[in-house]
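File shown: data00.csv (CSV, C-alpha atoms).
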```csv
chain,number,residue,atom,x,y,z
A,1,MET,CA,-51.3,26.6,19.3
A,2,LYS,CA,-51.6,23.4,17.3
A,3,ARG,CA,-49.8,25.1,14.3
A,4,LEU,CA,-47.1,26.3,16.7
A,5,SER,CA,-46.6,22.8,18.1
A,6,TRP,CA,-46.0,21.4,14.7
A,7,VAL,CA,-43.5,24.1,14.0
A,8,VAL,CA,-41.6,23.3,17.2
A,9,ILE,CA,-41.7,19.6,16.5
A,10,GLY,CA,-40.5,20.1,12.9
A,11,ALA,CA,-37.6,22.3,14.2
A,12,PHE,CA,-36.7,19.7,16.8
A,13,LEU,CA,-36.6,16.9,14.2
A,14,LEU,CA,-34.5,19.1,11.9
A,15,VAL,CA,-32.0,19.8,14.7
A,16,SER,CA,-31.9,16.2,15.7
A,17,ALA,CA,-31.2,15.1,12.1
A,18,SER,CA,-28.5,17.7,11.8
A,19,ILE,CA,-26.9,16.5,15.1
A,20,GLY,CA,-27.2,12.9,14.0
A,21,GLY,CA,-25.6,13.6,10.7
A,22,ALA,CA,-22.8,15.5,12.3
A,23,MET,CA,-22.2,12.7,14.7
A,24,ALA,CA,-22.2,10.1,11.9
A,25,GLU,CA,-19.8,12.3,9.9
A,26,ASP,CA,-17.5,12.6,13.0
A,27,LYS,CA,-17.2,8.8,13.0
A,28,VAL,CA,-15.6,8.7,9.5
A,29,LEU,CA,-11.9,8.4,9.3
A,30,THR,CA,-10.0,9.2,6.1
A,31,MET,CA,-7.0,6.9,5.4
A,32,SER,CA,-4.4,7.0,2.6
A,33,THR,CA,-2.8,3.6,2.1
A,34,THR,CA,-0.8,1.6,-0.3
A,35,THR,CA,-2.6,-0.2,-3.1
A,36,SER,CA,-1.4,-3.6,-1.8
A,37,THR,CA,-3.6,-3.4,1.3
A,38,GLU,CA,-6.6,-2.9,-1.0
A,39,SER,CA,-5.6,-5.1,-4.0
A,40,SER,CA,-4.8,-8.0,-1.7
A,41,GLY,CA,-8.4,-7.9,-0.3
A,42,LEU,CA,-7.1,-7.3,3.3
A,43,LEU,CA,-9.1,-4.0,3.7
A,44,ASP,CA,-12.3,-5.8,2.6
A,45,VAL,CA,-12.0,-8.0,5.7
A,46,LEU,CA,-10.2,-5.6,8.1
A,47,LEU,CA,-12.3,-2.5,7.9
A,48,PRO,CA,-15.8,-4.0,8.4
A,49,GLU,CA,-14.4,-5.7,11.6
A,50,PHE,CA,-13.0,-2.4,12.8
A,51,LYS,CA,-16.3,-0.7,12.2
A,52,LYS,CA,-18.2,-3.5,13.9
A,53,ASP,CA,-16.0,-3.0,17.1
A,54,THR,CA,-15.8,0.8,17.1
A,55,GLY,CA,-18.6,2.2,14.9
A,56,ILE,CA,-15.9,4.1,12.9
A,57,GLU,CA,-16.1,4.0,9.1
A,58,VAL,CA,-12.9,4.3,7.2
A,59,LYS,CA,-12.8,6.2,3.9
A,60,VAL,CA,-9.9,4.7,1.8
A,61,LEU,CA,-7.6,6.5,-0.7
A,62,ALA,CA,-5.4,3.7,-2.2
A,63,LYS,CA,-2.3,4.8,-4.0
A,64,GLY,CA,1.5,4.3,-3.9
A,65,THR,CA,3.2,4.8,-0.5
A,66,GLY,CA,4.9,8.0,-1.7
A,67,ALA,CA,1.5,9.6,-2.7
A,68,ALA,CA,-0.1,8.3,0.4
A,69,LEU,CA,2.5,10.0,2.6
A,70,LYS,CA,2.1,13.1,0.5
A,71,ASP,CA,-1.6,13.1,1.5
A,72,GLY,CA,-0.5,13.1,5.1
A,73,MET,CA,2.1,15.9,4.5
A,74,ASP,CA,-0.7,18.0,3.0
A,75,GLY,CA,-3.1,17.3,5.9
A,76,ASN,CA,-5.6,15.7,3.5
A,77,VAL,CA,-6.1,12.5,5.6
A,78,ASP,CA,-6.2,11.5,9.2
A,79,VAL,CA,-4.0,8.4,9.1
A,80,VAL,CA,-1.6,6.7,6.7
A,81,PHE,CA,-1.0,2.9,6.4
A,82,VAL,CA,2.0,2.2,4.2
A,83,HIS,CA,5.1,0.1,3.6
A,84,ALA,CA,8.4,2.1,3.1
A,85,LYS,CA,10.0,2.2,6.5
A,86,LYS,CA,12.7,4.8,5.7
A,87,LYS,CA,10.1,7.2,4.2
A,88,GLU,CA,7.8,6.6,7.1
A,89,ALA,CA,10.6,7.5,9.6
A,90,GLU,CA,11.2,10.7,7.7
A,91,PHE,CA,7.5,11.5,7.7
A,92,VAL,CA,7.5,11.3,11.6
A,93,GLU,CA,10.8,13.0,12.0
A,94,LYS,CA,9.5,16.0,10.0
A,95,GLY,CA,6.5,16.3,12.3
A,96,PHE,CA,3.8,15.1,9.8
A,97,GLY,CA,3.0,12.0,11.8
A,98,THR,CA,2.9,11.4,15.6
A,99,GLN,CA,4.4,7.9,15.7
A,100,ARG,CA,4.9,4.9,13.4
A,101,TYR,CA,3.3,1.7,14.8
A,102,ALA,CA,4.5,-1.7,13.4
A,103,VAL,CA,1.4,-3.6,12.2
A,104,MET,CA,2.4,-6.5,10.0
A,105,HIS,CA,4.7,-7.7,7.4
A,106,ASN,CA,5.0,-10.0,4.4
A,107,ASP,CA,7.8,-9.9,1.8
A,108,PHE,CA,8.5,-8.9,-1.8
A,109,ILE,CA,9.1,-11.5,-4.4
A,110,ILE,CA,10.3,-11.5,-8.0
A,111,VAL,CA,7.7,-13.0,-10.3
A,112,GLY,CA,7.9,-13.9,-14.0
A,113,PRO,CA,6.9,-16.3,-16.8
A,114,PRO,CA,7.1,-20.0,-15.9
A,115,ALA,CA,9.8,-20.5,-18.6
A,116,ASP,CA,12.1,-18.1,-16.7
A,117,PRO,CA,13.9,-16.8,-19.9
A,118,ALA,CA,16.4,-14.8,-17.8
A,119,GLY,CA,17.2,-17.8,-15.6
A,120,ILE,CA,16.8,-16.1,-12.3
A,121,LYS,CA,15.8,-19.2,-10.4
A,122,GLY,CA,18.6,-20.2,-8.1
A,123,SER,CA,20.2,-16.7,-8.0
A,124,LYS,CA,22.1,-16.0,-4.8
A,125,ASP,CA,20.2,-12.8,-4.1
A,126,SER,CA,17.8,-10.3,-5.5
A,127,ILE,CA,20.7,-8.2,-6.9
A,128,GLU,CA,21.9,-11.1,-9.0
A,129,ALA,CA,18.4,-11.8,-10.1
A,130,LEU,CA,17.9,-8.3,-11.5
A,131,GLU,CA,21.3,-8.3,-13.1
A,132,LYS,CA,20.3,-11.5,-15.0
A,133,ILE,CA,17.1,-9.9,-16.2
A,134,ALA,CA,19.0,-6.9,-17.5
A,135,ALA,CA,21.7,-9.1,-19.2
A,136,ALA,CA,18.9,-11.1,-20.9
A,137,LYS,CA,17.0,-7.9,-21.8
A,138,ALA,CA,13.9,-9.8,-20.6
A,139,PRO,CA,10.8,-7.6,-20.3
A,140,PHE,CA,10.5,-6.1,-16.8
A,141,ILE,CA,7.5,-4.2,-15.5
A,142,SER,CA,8.2,-1.4,-12.9
A,143,ARG,CA,5.3,0.2,-11.0
A,144,GLY,CA,7.2,3.5,-11.4
A,145,ASP,CA,4.8,5.2,-9.0
A,146,ASP,CA,6.9,6.1,-6.0
A,147,SER,CA,5.2,3.3,-4.1
A,148,GLY,CA,6.8,1.1,-1.4
A,149,THR,CA,7.2,-1.6,-4.1
A,150,HIS,CA,8.8,0.9,-6.5
A,151,THR,CA,11.1,2.1,-3.7
A,152,LYS,CA,12.2,-1.4,-3.0
A,153,GLU,CA,13.0,-2.0,-6.7
A,154,GLN,CA,15.0,1.2,-6.7
A,155,GLU,CA,17.0,0.1,-3.7
A,156,ILE,CA,17.9,-3.2,-5.5
A,157,TRP,CA,18.9,-1.6,-8.8
A,158,ALA,CA,21.2,0.8,-6.9
A,159,LYS,CA,23.1,-2.2,-5.4
A,160,THR,CA,23.7,-3.9,-8.8
A,161,SER,CA,26.8,-3.4,-10.9
A,162,LEU,CA,24.8,-1.8,-13.7
A,163,LYS,CA,25.0,1.7,-14.9
A,164,LEU,CA,21.8,3.5,-14.2
A,165,GLU,CA,20.2,6.6,-15.8
A,166,GLU,CA,17.7,9.0,-14.2
A,167,THR,CA,14.2,9.1,-15.6
A,168,SER,CA,11.3,11.4,-14.8
A,169,GLN,CA,7.6,11.0,-15.6
A,170,LYS,CA,4.4,12.9,-14.7
A,171,LEU,CA,1.6,10.9,-13.1
A,172,VAL,CA,-1.9,11.8,-12.2
A,173,ILE,CA,-2.7,10.2,-8.8
A,174,SER,CA,-6.2,10.7,-7.4
A,175,GLY,CA,-6.6,13.7,-9.6
A,176,LYS,CA,-3.3,15.3,-8.6
A,177,GLU,CA,-0.3,15.6,-10.9
A,178,ALA,CA,3.0,14.3,-9.5
A,179,GLN,CA,6.5,14.1,-10.8
A,180,VAL,CA,8.2,10.8,-10.2
A,181,VAL,CA,12.0,10.7,-10.5
A,182,ALA,CA,13.6,7.3,-10.6
A,183,LYS,CA,16.6,5.4,-12.0
A,184,LYS,CA,16.7,2.4,-14.4
A,185,PRO,CA,19.4,0.5,-16.2
A,186,GLU,CA,21.0,2.4,-19.1
A,187,ASN,CA,19.7,1.6,-22.6
A,188,SER,CA,16.8,-0.4,-21.3
A,189,ASP,CA,14.0,1.2,-23.2
A,190,VAL,CA,13.3,-1.9,-25.2
A,191,TRP,CA,12.7,-4.1,-22.2
A,192,TYR,CA,12.1,-1.9,-19.1
A,193,TYR,CA,8.5,-0.7,-18.8
A,194,SER,CA,7.7,1.9,-16.1
A,195,ILE,CA,3.9,2.1,-16.1
A,196,GLY,CA,3.0,4.3,-13.1
A,197,GLN,CA,0.3,1.9,-11.9
A,198,GLY,CA,-0.7,0.0,-8.8
A,199,MET,CA,0.4,-3.5,-7.9
A,200,GLY,CA,-2.7,-5.3,-9.3
A,201,LYS,CA,-2.4,-3.6,-12.7
A,202,THR,CA,1.4,-4.2,-12.7
A,203,LEU,CA,0.9,-7.9,-12.2
A,204,THR,CA,-1.8,-8.0,-14.9
A,205,PHE,CA,0.5,-6.2,-17.4
A,206,ALA,CA,3.5,-8.4,-16.6
A,207,ASP,CA,1.3,-11.4,-17.2
A,208,GLU,CA,0.2,-10.1,-20.6
A,209,LYS,CA,3.8,-9.2,-21.6
A,210,ASN,CA,5.3,-12.5,-20.3
A,211,ALA,CA,7.5,-10.2,-18.1
A,212,TYR,CA,9.2,-10.1,-14.8
A,213,ALA,CA,8.1,-7.8,-11.9
A,214,ILE,CA,8.7,-7.2,-8.2
A,215,ALA,CA,5.5,-7.7,-6.2
A,216,ASP,CA,4.4,-7.9,-2.6
A,217,ARG,CA,3.5,-11.4,-1.7
A,218,GLY,CA,0.0,-10.5,-0.6
A,219,THR,CA,-1.2,-9.0,-3.8
A,220,TYR,CA,0.5,-11.8,-5.8
A,221,ILE,CA,-1.4,-14.4,-3.9
A,222,ALA,CA,-4.7,-12.5,-4.4
A,223,TYR,CA,-4.1,-12.4,-8.2
A,224,LYS,CA,-2.8,-15.9,-8.5
A,225,TRP,CA,-5.4,-17.7,-6.4
A,226,GLY,CA,-8.1,-15.2,-5.6
A,227,LYS,CA,-9.1,-14.0,-9.1
A,228,THR,CA,-10.5,-15.4,-12.3
A,229,PRO,CA,-8.7,-15.6,-14.7
A,230,ALA,CA,-5.6,-15.9,-12.5
A,231,VAL,CA,-2.2,-14.7,-13.6
A,232,ASP,CA,0.2,-17.3,-14.9
A,233,LEU,CA,3.2,-15.6,-13.3
A,234,GLU,CA,5.3,-17.7,-10.9
A,235,ILE,CA,7.5,-16.8,-8.0
A,236,LEU,CA,11.0,-17.2,-9.4
A,237,PHE,CA,13.0,-15.6,-6.6
A,238,GLU,CA,12.2,-15.1,-2.9
A,239,GLY,CA,13.7,-15.3,0.6
A,240,ASP,CA,16.3,-12.5,0.3
A,241,GLU,CA,16.5,-10.4,3.5
A,242,THR,CA,16.5,-7.4,1.3
A,243,LEU,CA,12.9,-8.3,0.3
A,244,ALA,CA,11.4,-7.8,3.7
A,245,ASN,CA,8.2,-5.8,3.5
A,246,PRO,CA,7.0,-4.3,6.9
A,247,TYR,CA,3.8,-2.2,7.1
A,248,GLY,CA,3.3,0.6,9.5
A,249,VAL,CA,0.3,2.9,10.5
A,250,ILE,CA,0.9,6.5,11.4
A,251,PRO,CA,-1.7,9.0,12.7
A,252,VAL,CA,-1.3,12.4,11.1
A,253,ASN,CA,0.0,15.0,13.6
A,254,PRO,CA,-2.8,17.3,15.0
A,255,LYS,CA,-0.2,19.8,16.1
A,256,LYS,CA,0.6,20.4,12.5
A,257,PHE,CA,-3.0,19.9,11.2
A,258,PRO,CA,-5.5,20.7,14.0
A,259,HIS,CA,-8.4,19.7,11.8
A,260,VAL,CA,-7.5,16.0,11.5
A,261,LYS,CA,-9.5,13.4,13.5
A,262,TYR,CA,-6.5,12.4,15.6
A,263,ASP,CA,-8.6,10.5,18.2
A,264,LEU,CA,-10.2,8.3,15.6
A,265,ALA,CA,-6.8,7.8,13.9
A,266,GLN,CA,-5.2,6.7,17.2
A,267,GLN,CA,-8.2,4.4,17.9
A,268,PHE,CA,-7.6,2.8,14.5
A,269,ALA,CA,-3.8,2.3,15.2
A,270,ASP,CA,-4.6,0.9,18.7
A,271,TRP,CA,-7.2,-1.5,17.2
A,272,LEU,CA,-4.7,-2.7,14.5
A,273,MET,CA,-2.2,-3.5,17.2
A,274,SER,CA,-4.6,-5.1,19.6
A,275,ALA,CA,-5.0,-8.9,19.9
A,276,ARG,CA,-8.3,-8.5,17.9
A,277,GLY,CA,-6.9,-6.6,15.0
A,278,GLN,CA,-3.8,-8.8,14.8
A,279,LYS,CA,-5.9,-11.9,14.7
A,280,VAL,CA,-8.0,-10.5,11.8
A,281,ILE,CA,-4.7,-9.9,9.9
A,282,ALA,CA,-3.3,-13.4,10.8
A,283,ASP,CA,-6.6,-15.1,9.8
A,284,PHE,CA,-6.8,-13.5,6.4
A,285,LYS,CA,-5.9,-16.3,3.9
A,286,LEU,CA,-6.5,-17.3,0.4
A,287,GLU,CA,-6.4,-21.0,-0.6
A,288,GLY,CA,-4.9,-21.6,2.9
A,289,LYS,CA,-2.0,-19.2,2.2
A,290,GLN,CA,-1.4,-16.4,4.7
A,291,LEU,CA,-0.9,-13.0,3.1
A,292,PHE,CA,0.3,-10.9,6.0
A,293,PHE,CA,1.9,-11.7,9.4
A,294,PRO,CA,1.2,-9.7,12.6
A,295,ASP,CA,4.1,-7.6,14.0
A,296,ALA,CA,2.4,-6.0,17.1
A,297,ILE,CA,1.7,-9.3,18.9
A,298,LYS,CA,4.1,-12.2,18.4
```
So that I can check it, write out the structure of this file as structure tokens.
Amino acid sequence: MKRLSWVVIGAFLLVSASIGGAMAEDKVLTMSTTTSTESSGLLDVLLPEFKKDTGIEVKVLAKGTGAALKDGMDGNVDVVFVHAKKKEAEFVEKGFGTQRYAVMHNDFIIVGPPADPAGIKGSKDSIEALEKIAAAKAPFISRGDDSGTHTKEQEIWAKTSLKLEETSQKLVISGKEAQVVAKKPENSDVWYYSIGQGMGKTLTFADEKNAYAIADRGTYIAYKWGKTPAVDLEILFEGDETLANPYGVIPVNPKKFPHVKYDLAQQFADWLMSARGQKVIADFKLEGKQLFFPDAIK
């Protein structure tokens, strides 16, 4: 009888551990997001507060917005948190996501060496700034990774008076091969570098090359004031309406992918838009500088 009791107790403990493990696993949300939310340090502050309030852990896959949305299209994640509004709208329209929720914004800026060899300071808009960089054949670093930042850069080049040529390069993102097709100024091989990297590495490379780059303000602040050694790059153009940079969160559609943890994804979206989540975003600062501005609560 005693032996049987120990067998029963052992079985009970094994079942309890299995249930506990399953419950713990159920509280893990997988999110694909742009590198800027990670490189800026925002997620290091945001996700622990979310877990504290809900008990939900978020597993992060940080990559360019295009690759993050592709994760959602493949049903590999539960939620996406990105910054390319047109692509986000297409993602929802095609049924991959349930709804886009506006979470926050900052803006894109054009950074470069303090000497500003292309003389872009004082340009009337971002289009003129890029035209001046091209005319001076000054080194320019493109992320080249189909990210939100790369998408914005592509939009601006398309509005310039320059002749553009199509390029294509293969990238390996999170172990998967992807073909990125983009456009750049003609005959720009000696000064235009498409590196297929995230925002942080792009800023570091631009700093090393004494080059210009388009960056989101949040990551730039993190690399200018939040890291040692800091980049020497300065903001040389900002404030253009074209450079607005809104971020949205989109739960992946359970009707298309029944296995996704939609309830957790919706909980995450709701928390981000709540007064609590919006305050965490607004309070995230480096050297007194606010990196992101809430959009769900004015």
Find the spatial neighbours of Ile109 in chain A, counting all atoms listed in the file, within a cut-off of 12 Å - ignore same-chain residues fewer than 5 positions away - and output them as JSON, numbers by chain.
-> {"A": [120, 121, 125, 126, 129, 130, 149, 152, 153, 203, 212, 213, 214, 215, 216, 217, 218, 219, 220, 221, 233, 234, 235, 236, 237, 238, 239, 240, 241, 242, 243, 244, 245]}
Counting all atoms listed in the file, select every polymer residue within 12 Å of (22.0, -0.7, -12.6) as defined in the file's coordinates, and provide the selection as an MDAnalysis selection string.
-> chainID A and resid 127:135 153:166 182:188 192
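Distances to Tyr223 in chain A were evaluated for A:Val172, A:Ile281, A:Leu286, A:Val103 using only C-alpha atoms, and the minimum falls at A:Leu286.
For the pair CA of Gly119 in chain A and CA of His150 in chain A, the separation is 22.4 Å.
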Which residues, written as an mmCIF file with C-alpha atoms, in the frame of the given file, have at least one atom at most 12 Å from Val231 in chain A, with all atoms listed in the file counted and residues fewer than 6 positions away on the same chain left out?
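The result, stored in out01.cif:
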```
data_model
loop_
_atom_site.group_PDB
_atom_site.id
_atom_site.type_symbol
_atom_site.label_atom_id
_atom_site.label_comp_id
_atom_site.auth_asym_id
_atom_site.auth_seq_id
_atom_site.Cartn_x
_atom_site.Cartn_y
_atom_site.Cartn_z
ATOM 1 C CA VAL A 111 7.700 -13.000 -10.300
ATOM 2 C CA GLY A 112 7.900 -13.900 -14.000
ATOM 3 C CA PRO A 113 6.900 -16.300 -16.800
ATOM 4 C CA PRO A 114 7.100 -20.000 -15.900
ATOM 5 C CA GLY A 200 -2.700 -5.300 -9.300
ATOM 6 C CA LYS A 201 -2.400 -3.600 -12.700
ATOM 7 C CA THR A 202 1.400 -4.200 -12.700
ATOM 8 C CA LEU A 203 0.900 -7.900 -12.200
ATOM 9 C CA THR A 204 -1.800 -8.000 -14.900
ATOM 10 C CA PHE A 205 0.500 -6.200 -17.400
ATOM 11 C CA ALA A 206 3.500 -8.400 -16.600
ATOM 12 C CA ASP A 207 1.300 -11.400 -17.200
ATOM 13 C CA GLU A 208 0.200 -10.100 -20.600
ATOM 14 C CA LYS A 209 3.800 -9.200 -21.600
ATOM 15 C CA ASN A 210 5.300 -12.500 -20.300
ATOM 16 C CA ALA A 211 7.500 -10.200 -18.100
ATOM 17 C CA THR A 219 -1.200 -9.000 -3.800
ATOM 18 C CA TYR A 220 0.500 -11.800 -5.800
ATOM 19 C CA ILE A 221 -1.400 -14.400 -3.900
ATOM 20 C CA ALA A 222 -4.700 -12.500 -4.400
ATOM 21 C CA TYR A 223 -4.100 -12.400 -8.200
ATOM 22 C CA LYS A 224 -2.800 -15.900 -8.500
ATOM 23 C CA TRP A 225 -5.400 -17.700 -6.400
#
```
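Checking A:Phe108, A:Phe268, A:Phe96, A:Phe284 one by one against Met199 in chain A, counting only C-alpha atoms, you find the shortest gap at A:Phe108.
The space separating CA of Gln267 in chain A from CA of Val280 in chain A comes to 16.1 Å.
In this structure, CA of His105 in chain A sits 5.6 Å away from CA of Phe292 in chain A.
Among the candidates A:Ala67, A:Leu291, A:Ala265, A:Leu43, the one nearest to Gln179 in chain A when counting only C-alpha atoms is A:Ala67.
Among the candidates A:Glu88, A:Asp145, A:Asp295, A:Glu177, the residue lying nearest to Gly196 in chain A is A:Asp145 (atoms considered: all atoms listed in the file).
For the residues A:Lys137, A:Lys51, A:Arg143, A:Lys27, ranking by smallest atom-to-atom distance to Gly277 in chain A using only C-alpha atoms places A:Lys51 first.
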All residues 8 Å or closer to Gly248 in chain A, only C-alpha atoms, same chain fewer than 2 positions away omitted, as a PyMOL selection string | chain A and resi 81-83+85+88+100-104+246+250
Find the spatial neighbours of Leu69 in chain A, counting all atoms listed in the file, within a cut-off of 10 Å - ignore same-chain residues fewer than 5 positions away - and output them as JSON, numbers by chain.
-> {"A": [32, 33, 34, 63, 64, 74, 75, 76, 77, 79, 80, 81, 82, 84, 87, 88, 91, 96, 97, 147, 250, 252]}
Some atoms are absent from range 52-70 of chain A, so rebuild N, CA and C atoms and return them as a PDB file, keeping the file's coordinate frame.
```
ATOM      1  N   LYS A  52     -17.328  -2.731  13.057  1.00  0.00           N
ATOM      2  CA  LYS A  52     -18.200  -3.500  13.900  1.00  0.00           C
ATOM      3  C   LYS A  52     -17.813  -3.280  15.407  1.00  0.00           C
ATOM      4  N   ASP A  53     -16.522  -3.177  15.678  1.00  0.00           N
ATOM      5  CA  ASP A  53     -16.000  -3.000  17.100  1.00  0.00           C
ATOM      6  C   ASP A  53     -16.120  -1.581  17.559  1.00  0.00           C
ATOM      7  N   THR A  54     -15.986  -0.595  16.653  1.00  0.00           N
ATOM      8  CA  THR A  54     -15.800   0.800  17.100  1.00  0.00           C
ATOM      9  C   THR A  54     -16.920   1.743  16.564  1.00  0.00           C
ATOM     10  N   GLY A  55     -17.638   1.322  15.512  1.00  0.00           N
ATOM     11  CA  GLY A  55     -18.600   2.200  14.900  1.00  0.00           C
ATOM     12  C   GLY A  55     -17.967   3.220  13.944  1.00  0.00           C
ATOM     13  N   ILE A  56     -16.653   3.125  13.766  1.00  0.00           N
ATOM     14  CA  ILE A  56     -15.900   4.100  12.900  1.00  0.00           C
ATOM     15  C   ILE A  56     -15.828   3.545  11.496  1.00  0.00           C
ATOM     16  N   GLU A  57     -16.242   4.360  10.542  1.00  0.00           N
ATOM     17  CA  GLU A  57     -16.100   4.000   9.100  1.00  0.00           C
ATOM     18  C   GLU A  57     -14.810   4.584   8.593  1.00  0.00           C
ATOM     19  N   VAL A  58     -14.113   3.836   7.758  1.00  0.00           N
ATOM     20  CA  VAL A  58     -12.900   4.300   7.200  1.00  0.00           C
ATOM     21  C   VAL A  58     -13.020   4.555   5.698  1.00  0.00           C
ATOM     22  N   LYS A  59     -12.786   5.791   5.297  1.00  0.00           N
ATOM     23  CA  LYS A  59     -12.800   6.200   3.900  1.00  0.00           C
ATOM     24  C   LYS A  59     -11.376   5.959   3.351  1.00  0.00           C
ATOM     25  N   VAL A  60     -11.221   5.149   2.315  1.00  0.00           N
ATOM     26  CA  VAL A  60      -9.900   4.700   1.800  1.00  0.00           C
ATOM     27  C   VAL A  60      -9.493   5.449   0.556  1.00  0.00           C
ATOM     28  N   LEU A  61      -8.256   5.952   0.556  1.00  0.00           N
ATOM     29  CA  LEU A  61      -7.600   6.500  -0.700  1.00  0.00           C
ATOM     30  C   LEU A  61      -6.415   5.546  -0.894  1.00  0.00           C
ATOM     31  N   ALA A  62      -6.499   4.674  -1.892  1.00  0.00           N
ATOM     32  CA  ALA A  62      -5.400   3.700  -2.200  1.00  0.00           C
ATOM     33  C   ALA A  62      -4.551   4.197  -3.290  1.00  0.00           C
ATOM     34  N   LYS A  63      -3.253   4.266  -3.028  1.00  0.00           N
ATOM     35  CA  LYS A  63      -2.300   4.800  -4.000  1.00  0.00           C
ATOM     36  C   LYS A  63      -0.909   4.284  -3.585  1.00  0.00           C
ATOM     37  N   GLY A  64       0.128   4.658  -4.300  1.00  0.00           N
ATOM     38  CA  GLY A  64       1.500   4.300  -3.900  1.00  0.00           C
ATOM     39  C   GLY A  64       1.840   4.928  -2.571  1.00  0.00           C
ATOM     40  N   THR A  65       2.786   4.320  -1.857  1.00  0.00           N
ATOM     41  CA  THR A  65       3.200   4.800  -0.500  1.00  0.00           C
ATOM     42  C   THR A  65       3.631   6.277  -0.589  1.00  0.00           C
ATOM     43  N   GLY A  66       4.413   6.649  -1.606  1.00  0.00           N
ATOM     44  CA  GLY A  66       4.900   8.000  -1.700  1.00  0.00           C
ATOM     45  C   GLY A  66       3.713   9.011  -1.771  1.00  0.00           C
ATOM     46  N   ALA A  67       2.709   8.692  -2.605  1.00  0.00           N
ATOM     47  CA  ALA A  67       1.500   9.600  -2.700  1.00  0.00           C
ATOM     48  C   ALA A  67       0.689   9.535  -1.466  1.00  0.00           C
ATOM     49  N   ALA A  68       0.632   8.371  -0.803  1.00  0.00           N
ATOM     50  CA  ALA A  68      -0.100   8.300   0.400  1.00  0.00           C
ATOM     51  C   ALA A  68       0.497   9.146   1.529  1.00  0.00           C
ATOM     52  N   LEU A  69       1.821   9.115   1.620  1.00  0.00           N
ATOM     53  CA  LEU A  69       2.500  10.000   2.600  1.00  0.00           C
ATOM     54  C   LEU A  69       2.344  11.443   2.250  1.00  0.00           C
ATOM     55  N   LYS A  70       2.307  11.748   0.949  1.00  0.00           N
ATOM     56  CA  LYS A  70       2.100  13.100   0.500  1.00  0.00           C
ATOM     57  C   LYS A  70       0.727  13.628   0.986  1.00  0.00           C
TER      58      LYS A  70
END
```
